[in-house]
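Only one structure is covered here, and it is reproduced in the block below.
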Amino acid sequence: MKKTYKAIALIALLGLALYECTTKKHAQSVTLLPQNVYASCSLSADTFKTWFVGGQVTQGGLVTPANSVGLVHNVNCQFYQWAERMFLWVTSPDAGKIVLQSSGFYSVSPSDSLTRPMIQNSGAVLKMTTHISKLGPDRLPVIRDSKGGLYEMETTGPGEKAAVKDSHGKLFAVAQVKVVDNKTILFTDATGHVIEHPQPVIFHQKTHMKIVHRYAAGNKFVFLDSAGNPVQSDEGQATGDMLMSSNGSLVYYLTMVNDVYAWYRTMIKQSGYPMNFPTTPGDLKIIQAYAKLQGDTALINPNTLAMEFKSSWVEASTLTDTSTYIMMTATIPTYSKANPAEWIPNGEKTVRMALVGIHVVGSVAGHPEMVWSTFEHNNNTPNATYQYLDTAKNVITMPQDTGNHWLFSSNASDPNFNVTHIKAYDTTKKFHISDTAYAAFGQTISPSNTLRTMPWGSAYGAATNGQDKSSAASNSEIISLNNSIQSMLVGNDLRKNYILIGATWTENGAAPNGNVYGSDTTAGVSIGTSVLANSTMETYIQGSGTSCFTCHSNSSAPTLAPKDISHIFGSMAPLHTRPFSKKH
């Protein structure tokens with residue numbers, strides 16, 4: 001046992017030496033992967049070679065996509081390997097760009113559009129947006145209360161009067177809301193009358209995520225649940241809050257789908273063909289027939305099935321070292337900063353952007369709920385404390401990361417991590433940036449300190465899925481696969497600097513019910529890395545009881561309907577409008 005502890009200590013010292021070397025060279029902190037992890041999920045060198053065009057691993061070499069139609073997935077590791085291959089594929093260099101920019105993919109317009117057109121990549125510079133919306137099962141914004149609970153949020157629409165009911169059910173128009181002594185909330189009508197025991201009028205159905213209504217109270221907001229109880233919440237990124245790097249760059253987002261998804265969405269929109277996301281050769285044949293009818297004679301890489309990508313980026317010019325980042329040229333919005341408390345959109349600029357995170361999502365054989373995976377740059381964010389299994393299957397506890405040179409944290413020891421500083425609000429479809437919502441808390445338009453609270457998609461000390469009986473065992477799968485892939489990438493391949501955080505799905509492709517493994521063990525719960533989050537996209541809604549399917553589901557009546565699985569599905573405009581007979 002003493003030898004084991006000495007070996008662990010030696011590995012830790014080597015890791016520290018590597019850390020110091022890295023930070024001196026790049027002036028940045030990085031996520032260090034334990035090298036003594038139990039290799040419960042790995043990939044052979046011979047198999048890895050087959051992923052590359054030409055059958056040999058080369059620096060920056062082109063990787064081919066996984067075959068989602070024929071995916072064999074008897075164990076978790078096979079889902080994680082699928083995610084890794086898809087990530088390496090779409091980020092492969094391709095004629096001076098990356099595969100994700102090629103013609104097999106379509107950009108989806110920002111969420112502030114009434115209908116979101118899909119625009120096929122044609123070599124033109126892509127556009128990114130600074131805001132991201134996290135929606136719940138009722139397609140309402142999601143917030144977290146002070147105790148970590150999630151709610152969906154109703155708001156009063158433009159030009160509408162806020163309304164509440166009193167204890168007798170009488171309806172009142174709200175003229176003013178005041179917070180007295182930071183605890184008592186007073187609602188008054190136009191006559192100054194105080195409305196007793198106000199209760200909001202909730203218009204949406206109630207799901208496992210309770211619904212609150214938001215009311216403006218001076219320079220802050222108050223939230224009431226359906227019974228009129230105040231809910232304490234600092235609105236998170238899900239409700240329009242924005243993220244800024246320690247170097248001062250806003251985070252920008254890009255949403256894309258592949259051609260299979262685009263034509264599938266068009267077919268469903270125009271013909272009403274009753275089909276979930278494709279998972280079989282028969283499903284794929286129907287989509288290919290429809291695309292051919294519309295003039296697209298051949299889908300590119302059709303065996304990938306339907307795929308969706310959401311990625312996060314920062315301005316490359318703000319980085320102290322760009323040599324470890326995958327890059328793209330893109331057009332981003334610019335802002336007038338004349339008022340430091342409110343930045344106003346005033347145009348656009350085309351600049352080099354650096355990839356910091358990406359969701360890789362796709363349907364595979366037997367899984368129309370889709371596999372949801374996510375990746376991050378290894379300089380993004382410090383990890384909270386987590387556990388893993390060493391080669392002797394001892395449980396090892398990794399303390400919270402330290403360091404002051406993370407891209408999204410200048411102080412990894414900050415006890416007030418994941419506190420939002422910036423809010424975007426909609427003004428005639430132009431998103432202003434403001435600190436107004438948080439001024440009462442002393443916040444400004446500035447970077448905040450971010451922590452990845454659920455490293456490797458697992459809650460500390462909790463069972464993560466049915467195959468891995470502990471968080472340590474689940475984490476070991478992800479860590480060991482990262483080690484395996486990184487050890488086989490050669491030279492200065494930029495993809496070495498990105499790590500798989502995890503992937504999640506449901507048992508046997510059951511309709512997701514919004515819950516996570518452990519609190520519930522029915523077939524519709526999230527398994528794999530069951531509390532998965534990306535620190536650049538779910539920054540402020542990370543939690544031990546939440547996952548991708550918390551929002552990407554219809555928990556009141558679980559279904560596999562695409563509109564319940566994918567938030568972009570319902571608002572996307574079709575590619576073409578020629579008729580299609582269901583007999584095809």
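Residues are named by chain letter and number: chains run A, B, ... in the order of the structure tokens, numbers start at 1 in each chain, and ligands are numbered from 1 in the order shown.
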
List every residue of region 65-110 of chain A that has an atom at most 10 Å from any atom of region 471-482 of chain A, and for each one report the closest atom pair and its distance in Å to one decimal, counting only C-alpha atoms, with rows sorted by chain and then by increasing residue number, as CSV.
```
residue,atom,partner,partner_atom,distance
A:Asn76,CA,A:Glu477,CA,8.4
A:Cys77,CA,A:Glu477,CA,7.0
A:Tyr80,CA,A:Ile478,CA,7.5
A:Gln81,CA,A:Leu481,CA,7.8
A:Glu84,CA,A:Asn482,CA,8.7
```

Contacts of Ala462 (chain A) at 12 Å or less, counting only C-alpha atoms, minus same-chain residues fewer than 2 places along, as an mmCIF file with N, CA, C and O atoms, in the first residue's frame?
```
data_model
loop_
_atom_site.group_PDB
_atom_site.id
_atom_site.type_symbol
_atom_site.label_atom_id
_atom_site.label_comp_id
_atom_site.auth_asym_id
_atom_site.auth_seq_id
_atom_site.Cartn_x
_atom_site.Cartn_y
_atom_site.Cartn_z
ATOM 1 N N TYR A 386 -13.043 15.829 -7.779
ATOM 2 C CA TYR A 386 -13.688 14.638 -8.319
ATOM 3 C C TYR A 386 -12.869 13.410 -7.939
ATOM 4 O O TYR A 386 -11.757 13.525 -7.390
ATOM 5 N N GLN A 387 -13.406 12.237 -8.213
ATOM 6 C CA GLN A 387 -12.716 10.980 -7.901
ATOM 7 C C GLN A 387 -12.573 10.128 -9.164
ATOM 8 O O GLN A 387 -13.364 10.254 -10.101
ATOM 9 N N MET A 454 -19.236 19.814 -12.272
ATOM 10 C CA MET A 454 -19.497 18.391 -12.481
ATOM 11 C C MET A 454 -18.467 17.835 -13.472
ATOM 12 O O MET A 454 -18.797 17.509 -14.613
ATOM 13 N N GLY A 457 -19.022 15.000 -16.200
ATOM 14 C CA GLY A 457 -20.464 14.719 -16.233
ATOM 15 C C GLY A 457 -20.968 13.847 -15.114
ATOM 16 O O GLY A 457 -21.958 13.145 -15.275
ATOM 17 N N SER A 458 -20.299 13.920 -13.975
ATOM 18 C CA SER A 458 -20.660 13.045 -12.860
ATOM 19 C C SER A 458 -20.719 13.841 -11.567
ATOM 20 O O SER A 458 -19.840 14.664 -11.303
ATOM 21 N N ALA A 459 -21.736 13.581 -10.751
ATOM 22 C CA ALA A 459 -21.860 14.230 -9.448
ATOM 23 C C ALA A 459 -20.972 13.511 -8.438
ATOM 24 O O ALA A 459 -20.965 12.277 -8.361
ATOM 25 N N TYR A 460 -20.234 14.262 -7.668
ATOM 26 C CA TYR A 460 -19.275 13.692 -6.719
ATOM 27 C C TYR A 460 -19.959 12.681 -5.790
ATOM 28 O O TYR A 460 -20.955 12.979 -5.141
ATOM 29 N N THR A 464 -23.540 7.255 -11.388
ATOM 30 C CA THR A 464 -23.723 8.048 -12.606
ATOM 31 C C THR A 464 -24.510 7.308 -13.672
ATOM 32 O O THR A 464 -25.214 7.913 -14.474
ATOM 33 N N ASN A 465 -24.385 5.999 -13.712
ATOM 34 C CA ASN A 465 -25.119 5.184 -14.679
ATOM 35 C C ASN A 465 -25.138 3.743 -14.176
ATOM 36 O O ASN A 465 -24.452 3.408 -13.204
ATOM 37 N N GLY A 466 -25.908 2.900 -14.820
ATOM 38 C CA GLY A 466 -26.055 1.527 -14.369
ATOM 39 C C GLY A 466 -24.843 0.659 -14.558
ATOM 40 O O GLY A 466 -24.665 -0.345 -13.863
ATOM 41 N N ASP A 468 -21.511 1.837 -14.446
ATOM 42 C CA ASP A 468 -20.491 2.283 -13.491
ATOM 43 C C ASP A 468 -21.181 2.541 -12.157
ATOM 44 O O ASP A 468 -22.023 3.430 -12.066
ATOM 45 N N LYS A 469 -20.801 1.810 -11.151
ATOM 46 C CA LYS A 469 -21.515 1.884 -9.885
ATOM 47 C C LYS A 469 -21.073 3.040 -9.003
ATOM 48 O O LYS A 469 -21.555 3.186 -7.885
ATOM 49 N N SER A 470 -20.135 3.834 -9.477
ATOM 50 C CA SER A 470 -19.684 4.984 -8.694
ATOM 51 C C SER A 470 -19.288 6.106 -9.637
ATOM 52 O O SER A 470 -19.012 5.884 -10.822
ATOM 53 N N SER A 471 -19.235 7.300 -9.088
ATOM 54 C CA SER A 471 -18.755 8.446 -9.858
ATOM 55 C C SER A 471 -17.310 8.219 -10.290
ATOM 56 O O SER A 471 -16.924 8.561 -11.411
ATOM 57 N N ALA A 472 -16.514 7.633 -9.408
ATOM 58 C CA ALA A 472 -15.102 7.379 -9.723
ATOM 59 C C ALA A 472 -14.961 6.473 -10.940
ATOM 60 O O ALA A 472 -14.121 6.699 -11.817
ATOM 61 N N ALA A 473 -15.796 5.428 -11.011
ATOM 62 C CA ALA A 473 -15.732 4.500 -12.139
ATOM 63 C C ALA A 473 -16.157 5.185 -13.436
ATOM 64 O O ALA A 473 -15.549 4.977 -14.494
ATOM 65 N N SER A 474 -17.196 6.002 -13.367
ATOM 66 C CA SER A 474 -17.656 6.721 -14.558
ATOM 67 C C SER A 474 -16.592 7.700 -15.039
ATOM 68 O O SER A 474 -16.277 7.767 -16.235
ATOM 69 N N ASN A 475 -16.012 8.455 -14.116
ATOM 70 C CA ASN A 475 -14.978 9.416 -14.488
ATOM 71 C C ASN A 475 -13.779 8.726 -15.133
ATOM 72 O O ASN A 475 -13.165 9.270 -16.058
ATOM 73 N N VAL A 516 -32.307 12.262 -13.988
ATOM 74 C CA VAL A 516 -30.958 11.707 -14.147
ATOM 75 C C VAL A 516 -30.838 10.416 -13.353
ATOM 76 O O VAL A 516 -31.564 10.186 -12.389
ATOM 77 N N TYR A 517 -29.910 9.573 -13.777
ATOM 78 C CA TYR A 517 -29.719 8.285 -13.126
ATOM 79 C C TYR A 517 -29.352 8.503 -11.652
ATOM 80 O O TYR A 517 -28.586 9.384 -11.307
ATOM 81 N N GLY A 518 -29.905 7.651 -10.792
ATOM 82 C CA GLY A 518 -29.649 7.749 -9.353
ATOM 83 C C GLY A 518 -30.904 8.172 -8.640
ATOM 84 O O GLY A 518 -31.460 7.415 -7.834
ATOM 85 N N SER A 519 -31.403 9.392 -8.955
ATOM 86 C CA SER A 519 -32.662 9.842 -8.368
ATOM 87 C C SER A 519 -33.831 9.070 -8.958
ATOM 88 O O SER A 519 -34.900 8.981 -8.379
ATOM 89 N N THR A 529 -22.716 9.808 -18.918
ATOM 90 C CA THR A 529 -22.345 10.855 -17.962
ATOM 91 C C THR A 529 -23.605 11.682 -17.717
ATOM 92 O O THR A 529 -23.897 12.629 -18.432
ATOM 93 N N SER A 530 -24.340 11.317 -16.693
ATOM 94 C CA SER A 530 -25.749 11.700 -16.586
ATOM 95 C C SER A 530 -26.009 13.124 -16.107
ATOM 96 O O SER A 530 -27.162 13.565 -16.113
ATOM 97 N N VAL A 531 -24.992 13.860 -15.660
ATOM 98 C CA VAL A 531 -25.202 15.266 -15.281
ATOM 99 C C VAL A 531 -24.260 16.155 -16.112
ATOM 100 O O VAL A 531 -23.596 17.049 -15.601
ATOM 101 N N SER A 544 -26.209 18.832 -9.858
ATOM 102 C CA SER A 544 -26.124 17.388 -9.642
ATOM 103 C C SER A 544 -27.404 16.655 -10.021
ATOM 104 O O SER A 544 -27.429 15.426 -10.024
ATOM 105 N N GLY A 545 -28.454 17.401 -10.336
ATOM 106 C CA GLY A 545 -29.706 16.757 -10.727
ATOM 107 C C GLY A 545 -30.160 17.134 -12.115
ATOM 108 O O GLY A 545 -31.324 16.928 -12.474
#
```

Report the distance between CA of His193 (chain A) and CA of Gly228 (chain A) in Å, rounded to one decimal place. 17.7 Å

Per residue of region 356-468 of chain A within 8 Å of region 257-280 of chain A, which atom pair is closest and at what distance in Å (one decimal), using only C-alpha atoms, listed by chain and increasing number, as JSON lines?
```
{"residue": "A:Ser363", "atom": "CA", "partner": "A:Thr279", "partner_atom": "CA", "distance": 6.1}
{"residue": "A:Val364", "atom": "CA", "partner": "A:Thr279", "partner_atom": "CA", "distance": 5.3}
{"residue": "A:Ala365", "atom": "CA", "partner": "A:Thr279", "partner_atom": "CA", "distance": 4.6}
{"residue": "A:Gly366", "atom": "CA", "partner": "A:Thr279", "partner_atom": "CA", "distance": 5.8}
{"residue": "A:His367", "atom": "CA", "partner": "A:Thr279", "partner_atom": "CA", "distance": 6.5}
{"residue": "A:Pro368", "atom": "CA", "partner": "A:Phe277", "partner_atom": "CA", "distance": 5.0}
{"residue": "A:Glu369", "atom": "CA", "partner": "A:Phe277", "partner_atom": "CA", "distance": 7.5}
{"residue": "A:Met370", "atom": "CA", "partner": "A:Phe277", "partner_atom": "CA", "distance": 7.8}
```

Which is closest to Gly70 (chain A) among A:Pro281, A:His168, A:Pro345, A:Thr385, if we use only C-alpha atoms? A:Pro281

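Residues in contact range of Ile332 (chain A), defined as at most 9 Å between only C-alpha atoms, with sequence neighbours fewer than 3 positions away removed, read Leu126, Lys127, Met128, Thr129, Thr130, Tyr252, Gly347, Glu348, Lys349, Thr350 and Val351 of chain A.
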
Keeping only N, CA, C and O atoms, write the selected residues to a file as a PDB file, in the first residue's frame.
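New file out06.pdb:
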```pdb
ATOM      1  N   LEU A 126     -18.960  32.734 -41.882  1.00  0.00           N
ATOM      2  CA  LEU A 126     -20.115  32.441 -41.047  1.00  0.00           C
ATOM      3  C   LEU A 126     -20.335  33.545 -40.016  1.00  0.00           C
ATOM      4  O   LEU A 126     -19.409  34.267 -39.641  1.00  0.00           O
ATOM      5  N   LYS A 127     -21.576  33.650 -39.553  1.00  0.00           N
ATOM      6  CA  LYS A 127     -21.925  34.651 -38.543  1.00  0.00           C
ATOM      7  C   LYS A 127     -22.147  33.977 -37.192  1.00  0.00           C
ATOM      8  O   LYS A 127     -22.778  32.929 -37.105  1.00  0.00           O
ATOM      9  N   MET A 128     -21.643  34.623 -36.140  1.00  0.00           N
ATOM     10  CA  MET A 128     -21.833  34.135 -34.780  1.00  0.00           C
ATOM     11  C   MET A 128     -22.632  35.143 -33.982  1.00  0.00           C
ATOM     12  O   MET A 128     -22.718  36.318 -34.349  1.00  0.00           O
ATOM     13  N   THR A 129     -23.200  34.664 -32.876  1.00  0.00           N
ATOM     14  CA  THR A 129     -24.006  35.526 -32.016  1.00  0.00           C
ATOM     15  C   THR A 129     -23.455  35.484 -30.601  1.00  0.00           C
ATOM     16  O   THR A 129     -22.769  34.526 -30.217  1.00  0.00           O
ATOM     17  N   THR A 130     -23.763  36.505 -29.803  1.00  0.00           N
ATOM     18  CA  THR A 130     -23.213  36.583 -28.449  1.00  0.00           C
ATOM     19  C   THR A 130     -24.142  36.034 -27.383  1.00  0.00           C
ATOM     20  O   THR A 130     -23.793  36.026 -26.211  1.00  0.00           O
ATOM     21  N   TYR A 252     -18.947  33.834 -28.177  1.00  0.00           N
ATOM     22  CA  TYR A 252     -19.843  33.859 -29.326  1.00  0.00           C
ATOM     23  C   TYR A 252     -20.232  32.426 -29.679  1.00  0.00           C
ATOM     24  O   TYR A 252     -19.466  31.486 -29.446  1.00  0.00           O
ATOM     25  N   GLY A 347     -22.907  47.430 -35.168  1.00  0.00           N
ATOM     26  CA  GLY A 347     -22.363  46.947 -36.419  1.00  0.00           C
ATOM     27  C   GLY A 347     -21.799  45.543 -36.316  1.00  0.00           C
ATOM     28  O   GLY A 347     -22.160  44.777 -35.412  1.00  0.00           O
ATOM     29  N   GLU A 348     -20.890  45.230 -37.234  1.00  0.00           N
ATOM     30  CA  GLU A 348     -20.270  43.911 -37.268  1.00  0.00           C
ATOM     31  C   GLU A 348     -18.804  44.044 -37.646  1.00  0.00           C
ATOM     32  O   GLU A 348     -18.383  45.069 -38.190  1.00  0.00           O
ATOM     33  N   LYS A 349     -18.048  42.998 -37.371  1.00  0.00           N
ATOM     34  CA  LYS A 349     -16.669  42.926 -37.827  1.00  0.00           C
ATOM     35  C   LYS A 349     -16.324  41.471 -38.132  1.00  0.00           C
ATOM     36  O   LYS A 349     -16.933  40.547 -37.589  1.00  0.00           O
ATOM     37  N   THR A 350     -15.376  41.280 -39.016  1.00  0.00           N
ATOM     38  CA  THR A 350     -14.939  39.940 -39.388  1.00  0.00           C
ATOM     39  C   THR A 350     -13.542  39.715 -38.823  1.00  0.00           C
ATOM     40  O   THR A 350     -12.605  40.470 -39.152  1.00  0.00           O
ATOM     41  N   VAL A 351     -13.421  38.701 -37.975  1.00  0.00           N
ATOM     42  CA  VAL A 351     -12.167  38.474 -37.249  1.00  0.00           C
ATOM     43  C   VAL A 351     -11.905  36.974 -37.124  1.00  0.00           C
ATOM     44  O   VAL A 351     -12.773  36.143 -37.404  1.00  0.00           O
TER      45      VAL A 351
END
```

Do you know which residues are at most 12 Å from region 90-95 of chain A counting only C-alpha atoms, after dropping those on the same chain fewer than 6 positions away, and could you put them as a ChimeraX atom specification? /A:51-53,58-66,83-84,101-105,123,256-258,301,304,307-309,311,325-328,355,357-361,375,493-498

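In this model, the gap between CA of Trp505 (chain A) and CA of Leu532 (chain A) comes to 10.4 Å.
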
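Interatomic distance, CA of Gln78 (chain A) against CA of Thr559 (chain A): 25.0 Å.
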
Please identify the helix (DSSP H, G or I) residues within region 172-293 of chain A (assignment by DSSP from backbone atoms) and present them as a list in words. Gln237, Ala238, Thr239, Asp259, Val260, Tyr261, Ala262, Trp263, Tyr264, Arg265, Thr266, Met267, Ile268, Lys269, Gln270, Ser271, Pro281, Gly282, Asp283, Leu284, Lys285, Ile286, Ile287, Gln288, Ala289, Tyr290, Ala291, Lys292 and Leu293 of chain A
